[in-house]
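Below is one structure, written out as structure tokens, with a few remarks after it.
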Amino acid sequence: MMRLNKFIAHYSTYSRREADKAIQDGYVRINGEIETNPATQVDEKHDSVMISGNKITPTDQFTVIVYNKPRGELVTKKDPQGRKTIYDSLAKQYRHYIPVGRLDFASEGLLLLTDASRVATALMTSKMERVYKIKIKGPVTEAMQVAMGEGLELEDASAGAHESSEIESMSFAPFYAYQIQKNQGDFSVLKVAIGEGQNRELRRFFAHFGAEVVDLKRLSFGGIDLNNLPTGKVRFLERSEYASLREFLETIEKAEKLKSKSLPKGSKAEGKTAHTSKSHSKVKPKAKPSNEPFGTNKYKPEKKFTKGETKK
């Protein structure tokens with residue numbers, strides 16, 4: 001049993017928000033009947049769900065690609081200002097793929113895309129290791145190193161943000177690791193590993209210390225590496241990467257089932273109760289996804305360098 005909006009997002013390219021709107025606008029039918037309640041429960045094996053006349057078929061099959069995004073492309077479908085997006089460069093067969101997180105206009109490197117929204121959501125909300133190579137103006141200071149090791153809380157994180165961003169405060173978790181590859185007065189180069197993907201996180205972090213990030217390139221995500229993939233090109237995941245990803249998704253599903261079983265009997269659910277089909281039941285709250293990583297976090301520096309040290 002699964003909530004209708006989750007069912008649609010799980011087995012199609014619709015996001016949860018898009019699924020909610022389609023349901024509420026009357027574009028969804030269950031067993032031939034229009035259903036406007038996103039919380040309605042459906043039976044994956046027996047109920048027929050159609051959206052805009054197209055049947056949604058439950059399947060565990062999905063595809064993930066790695067795209068080496070160049071600078072000067074937005075990770076969005078359309079841009080009101082007419083700027084180039086990743087979908088202007090990607091082949092038509094990938095136009096419906098969902099990006100896993102974002103890389104801003106001036107950033108480059110590894111971007112994962114998938115044809116399954118459940119996979120995109122699981123990856124985006126995980127604490128998997130994201131590895132970046134960055135170049136900043138000025139030296140790497142002791143204060144920066146302390147913050148990278150201990151984390152940082154900012155009530156005003158507007159420095160380094162996009163001018164239209166409405167995010168003000170921000171909490172930065174301790175970096176998983178970092179290497180100072182070059183530390184000079186005019187500019188410095190670092191390799192950093194973090195477990196979050198907040199809005200312009202690294203640019204905001206270093207801007208707090210008066211250092212502008214002039215180059216930012218993502219090298220890996222959860223053990224999936226960019227390697228020698230040329231800029232602007234795409235590759236499919238390797239067999240071992242798919243195996244690790246499926247293991248990760250299974251971990252999440254098991255965690256959700258355990259959470260559901262632990263709920264007190266008779267718990268009241270939001271929204272109206274079931275669709276008239278006998279297979280429907282009351283709504284259960286959504287379980288939080290697991291933060292267990294998939295793949296191997298390959299970036300494991302020998303140590304976190306102390307003040308003044310650089311990688312030899």
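Residue numbers start at 1 in each chain; chains themselves are named A, B, ... in the order of the structure tokens; ligands are numbered from 1 in the order shown.
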
**Prompt:** Please, which residues of segment 50-245 of chain A, numbered as in this document, come out strand (DSSP E or B) from DSSP, as a ChimeraX atom specification?
**Reply:** /A:50-51,54-55,64-69,74,85,98-99,108-114,130-137,152-154,170-172,177-183,187-194,213-221,224-225,234-236

Print the selection's residues with C-alpha atoms to a file, as a PDB file, in the first residue's frame.
ATOM      1  CA  MET A  50      -3.683   6.750 -14.744  1.00  0.00           C
ATOM      2  CA  ILE A  51      -2.485  10.326 -15.030  1.00  0.00           C
ATOM      3  CA  ASN A  54      -1.364   7.485 -19.299  1.00  0.00           C
ATOM      4  CA  LYS A  55      -1.146   4.414 -17.111  1.00  0.00           C
ATOM      5  CA  VAL A  64      20.962   7.053 -13.774  1.00  0.00           C
ATOM      6  CA  ILE A  65      23.434   9.015 -15.878  1.00  0.00           C
ATOM      7  CA  VAL A  66      26.490  11.094 -15.040  1.00  0.00           C
ATOM      8  CA  TYR A  67      26.741  14.447 -16.827  1.00  0.00           C
ATOM      9  CA  ASN A  68      29.894  16.573 -16.738  1.00  0.00           C
ATOM     10  CA  LYS A  69      28.207  19.947 -16.551  1.00  0.00           C
ATOM     11  CA  LEU A  74      21.593  26.280 -15.410  1.00  0.00           C
ATOM     12  CA  THR A  85      20.224  25.106 -19.406  1.00  0.00           C
ATOM     13  CA  ILE A  98      15.511  14.648 -13.025  1.00  0.00           C
ATOM     14  CA  PRO A  99      18.722  16.262 -11.727  1.00  0.00           C
ATOM     15  CA  GLU A 108      30.948  22.628 -13.183  1.00  0.00           C
ATOM     16  CA  GLY A 109      31.479  18.933 -12.813  1.00  0.00           C
ATOM     17  CA  LEU A 110      29.545  15.811 -11.899  1.00  0.00           C
ATOM     18  CA  LEU A 111      25.762  15.993 -12.015  1.00  0.00           C
ATOM     19  CA  LEU A 112      23.628  12.861 -11.618  1.00  0.00           C
ATOM     20  CA  LEU A 113      20.285  12.638 -13.429  1.00  0.00           C
ATOM     21  CA  THR A 114      17.668   9.894 -13.255  1.00  0.00           C
ATOM     22  CA  ARG A 130      30.109  15.083  -2.171  1.00  0.00           C
ATOM     23  CA  VAL A 131      33.668  15.924  -3.216  1.00  0.00           C
ATOM     24  CA  TYR A 132      34.634  19.262  -4.761  1.00  0.00           C
ATOM     25  CA  LYS A 133      37.769  20.962  -5.965  1.00  0.00           C
ATOM     26  CA  ILE A 134      37.609  24.687  -5.290  1.00  0.00           C
ATOM     27  CA  LYS A 135      39.765  27.730  -5.869  1.00  0.00           C
ATOM     28  CA  ILE A 136      39.366  30.729  -3.578  1.00  0.00           C
ATOM     29  CA  LYS A 137      40.804  34.216  -3.545  1.00  0.00           C
ATOM     30  CA  LEU A 152      29.544  26.771  11.446  1.00  0.00           C
ATOM     31  CA  GLU A 153      26.268  28.494  12.359  1.00  0.00           C
ATOM     32  CA  LEU A 154      25.455  31.735  10.536  1.00  0.00           C
ATOM     33  CA  MET A 170      22.419  28.619   7.425  1.00  0.00           C
ATOM     34  CA  SER A 171      23.971  25.792   9.415  1.00  0.00           C
ATOM     35  CA  PHE A 172      27.134  24.168   8.032  1.00  0.00           C
ATOM     36  CA  ALA A 177      37.511  15.973   5.073  1.00  0.00           C
ATOM     37  CA  TYR A 178      39.623  18.563   3.290  1.00  0.00           C
ATOM     38  CA  GLN A 179      43.007  18.920   1.639  1.00  0.00           C
ATOM     39  CA  ILE A 180      44.811  22.206   1.080  1.00  0.00           C
ATOM     40  CA  GLN A 181      46.521  21.671  -2.249  1.00  0.00           C
ATOM     41  CA  LYS A 182      47.845  25.200  -2.658  1.00  0.00           C
ATOM     42  CA  ASN A 183      47.881  27.996  -0.084  1.00  0.00           C
ATOM     43  CA  PHE A 187      44.647  32.392  -4.295  1.00  0.00           C
ATOM     44  CA  SER A 188      44.393  28.904  -2.802  1.00  0.00           C
ATOM     45  CA  VAL A 189      43.151  25.501  -3.989  1.00  0.00           C
ATOM     46  CA  LEU A 190      41.350  22.950  -1.814  1.00  0.00           C
ATOM     47  CA  LYS A 191      39.707  19.576  -2.192  1.00  0.00           C
ATOM     48  CA  VAL A 192      36.790  19.237   0.209  1.00  0.00           C
ATOM     49  CA  ALA A 193      34.275  16.532   1.076  1.00  0.00           C
ATOM     50  CA  ILE A 194      30.887  17.464   2.536  1.00  0.00           C
ATOM     51  CA  VAL A 213      35.121  31.023  -4.615  1.00  0.00           C
ATOM     52  CA  VAL A 214      36.283  31.627  -8.191  1.00  0.00           C
ATOM     53  CA  ASP A 215      36.268  27.998  -9.388  1.00  0.00           C
ATOM     54  CA  LEU A 216      34.112  25.120  -8.156  1.00  0.00           C
ATOM     55  CA  LYS A 217      34.021  21.635  -9.643  1.00  0.00           C
ATOM     56  CA  ARG A 218      32.230  18.584  -8.252  1.00  0.00           C
ATOM     57  CA  LEU A 219      34.393  15.471  -8.620  1.00  0.00           C
ATOM     58  CA  SER A 220      32.188  12.777  -7.088  1.00  0.00           C
ATOM     59  CA  PHE A 221      28.905  11.989  -5.347  1.00  0.00           C
ATOM     60  CA  ILE A 224      30.390   7.824  -8.203  1.00  0.00           C
ATOM     61  CA  ASP A 225      33.332   9.617  -9.786  1.00  0.00           C
ATOM     62  CA  VAL A 234      27.251  11.793 -20.490  1.00  0.00           C
ATOM     63  CA  ARG A 235      27.902   8.274 -19.252  1.00  0.00           C
ATOM     64  CA  PHE A 236      25.698   5.574 -17.717  1.00  0.00           C
TER      65      PHE A 236
END

**Message:** Which residues are near Ile8 of chain A? Cut-off 12 Å, only C-alpha atoms, ignore same chain within fewer than 2 positions. Put them as a PyMOL selection string.
**Reply:** chain A and resi 2-6+10-23+27-30+38-42+44+48-52+54-59+116-118

For the residues in the current selection, export C-alpha atoms as a PDB file, in the first residue's frame.
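Result file follows (part.pdb):
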ATOM      1  CA  MET A   2       1.230   3.476  -0.842  1.00  0.00           C
ATOM      2  CA  ARG A   3      -0.080   7.043  -0.827  1.00  0.00           C
ATOM      3  CA  LEU A   4      -1.300   8.116  -4.246  1.00  0.00           C
ATOM      4  CA  ASN A   5       1.073  11.071  -4.563  1.00  0.00           C
ATOM      5  CA  LYS A   6       4.007   8.936  -3.477  1.00  0.00           C
ATOM      6  CA  HIS A  10       7.791   6.728  -7.107  1.00  0.00           C
ATOM      7  CA  TYR A  11       6.997   5.242 -10.499  1.00  0.00           C
ATOM      8  CA  SER A  12       7.046   8.235 -12.859  1.00  0.00           C
ATOM      9  CA  THR A  13       9.011  11.388 -13.593  1.00  0.00           C
ATOM     10  CA  TYR A  14       6.542  13.534 -11.626  1.00  0.00           C
ATOM     11  CA  SER A  15       7.900  15.101  -8.454  1.00  0.00           C
ATOM     12  CA  ARG A  16       5.800  14.852  -5.295  1.00  0.00           C
ATOM     13  CA  ARG A  17       4.694  18.460  -5.735  1.00  0.00           C
ATOM     14  CA  GLU A  18       3.776  17.906  -9.389  1.00  0.00           C
ATOM     15  CA  ALA A  19       1.880  14.755  -8.427  1.00  0.00           C
ATOM     16  CA  ASP A  20      -0.108  16.669  -5.782  1.00  0.00           C
ATOM     17  CA  LYS A  21      -1.116  19.313  -8.316  1.00  0.00           C
ATOM     18  CA  ALA A  22      -2.103  16.767 -10.977  1.00  0.00           C
ATOM     19  CA  ILE A  23      -4.245  14.908  -8.439  1.00  0.00           C
ATOM     20  CA  TYR A  27      -5.989  14.508 -13.897  1.00  0.00           C
ATOM     21  CA  VAL A  28      -5.630  11.251 -11.948  1.00  0.00           C
ATOM     22  CA  ARG A  29      -7.897   8.220 -12.014  1.00  0.00           C
ATOM     23  CA  ILE A  30      -7.813   5.098  -9.839  1.00  0.00           C
ATOM     24  CA  PRO A  38      -3.185  12.910  -2.674  1.00  0.00           C
ATOM     25  CA  ALA A  39      -3.362  10.956   0.607  1.00  0.00           C
ATOM     26  CA  THR A  40      -5.530   8.158  -0.791  1.00  0.00           C
ATOM     27  CA  GLN A  41      -3.869   4.745  -0.488  1.00  0.00           C
ATOM     28  CA  VAL A  42      -3.425   2.511  -3.538  1.00  0.00           C
ATOM     29  CA  GLU A  44       0.608  -1.297  -6.189  1.00  0.00           C
ATOM     30  CA  SER A  48      -4.865   0.830 -11.962  1.00  0.00           C
ATOM     31  CA  VAL A  49      -3.578   4.411 -11.750  1.00  0.00           C
ATOM     32  CA  MET A  50      -3.683   6.750 -14.744  1.00  0.00           C
ATOM     33  CA  ILE A  51      -2.485  10.326 -15.030  1.00  0.00           C
ATOM     34  CA  SER A  52      -3.604  12.447 -17.983  1.00  0.00           C
ATOM     35  CA  ASN A  54      -1.364   7.485 -19.299  1.00  0.00           C
ATOM     36  CA  LYS A  55      -1.146   4.414 -17.111  1.00  0.00           C
ATOM     37  CA  ILE A  56       1.559   4.310 -14.458  1.00  0.00           C
ATOM     38  CA  THR A  57       3.142   0.878 -14.281  1.00  0.00           C
ATOM     39  CA  PRO A  58       4.980  -0.001 -11.059  1.00  0.00           C
ATOM     40  CA  THR A  59       8.539  -1.063 -11.807  1.00  0.00           C
ATOM     41  CA  ALA A 116      12.920   7.962 -11.389  1.00  0.00           C
ATOM     42  CA  SER A 117      11.934  10.684  -8.935  1.00  0.00           C
ATOM     43  CA  ARG A 118      12.188   8.285  -5.975  1.00  0.00           C
TER      44      ARG A 118
END

**Item:** Distance of atom CA of Arg204 of chain A from atom CA of Lys84 of chain A, expressed in Å to one decimal place
**Value:**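 Spanning atom CA of Lys84 of chain A to atom CA of Arg204 of chain A is a straight-line distance of 24.1 Å.
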
**Asked** Which residue, A:Glu247, A:Glu166, A:Asp156, A:Asp104, has the smallest gap to Arg203 of chain A when you use only C-alpha atoms?
**Response**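 Of A:Glu247, A:Glu166, A:Asp156, A:Asp104, the one nearest Arg203 of chain A is A:Asp104, counting only C-alpha atoms.
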
**Request:** Between atom CA of Thr63 of chain A and atom CA of Tyr94 of chain A, measure the distance and give it in Å to one decimal.
**Result:**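 Separating atom CA of Thr63 of chain A from atom CA of Tyr94 of chain A is a distance of 10.2 Å.
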
**Item:** DSSP-assigned alpha helix (DSSP H) members of segment 64-293 of chain A, reported as a PyMOL selection string
**Value:** chain A and resi 86-89+117-124+142-150+201-207+239-261

**Message:** Just the number, please: distance in Å from atom CA of Glu196 of chain A to atom CA of Ala173 of chain A, one decimal.
**Reply:** 7.9 Å

**Request:** Give the answer as one residue: which of A:Lys45, A:Glu212, A:His96, A:Ile86 has the shortest atom-to-atom distance to Asp186 of chain A, using only C-alpha atoms?
**Result:** A:Glu212
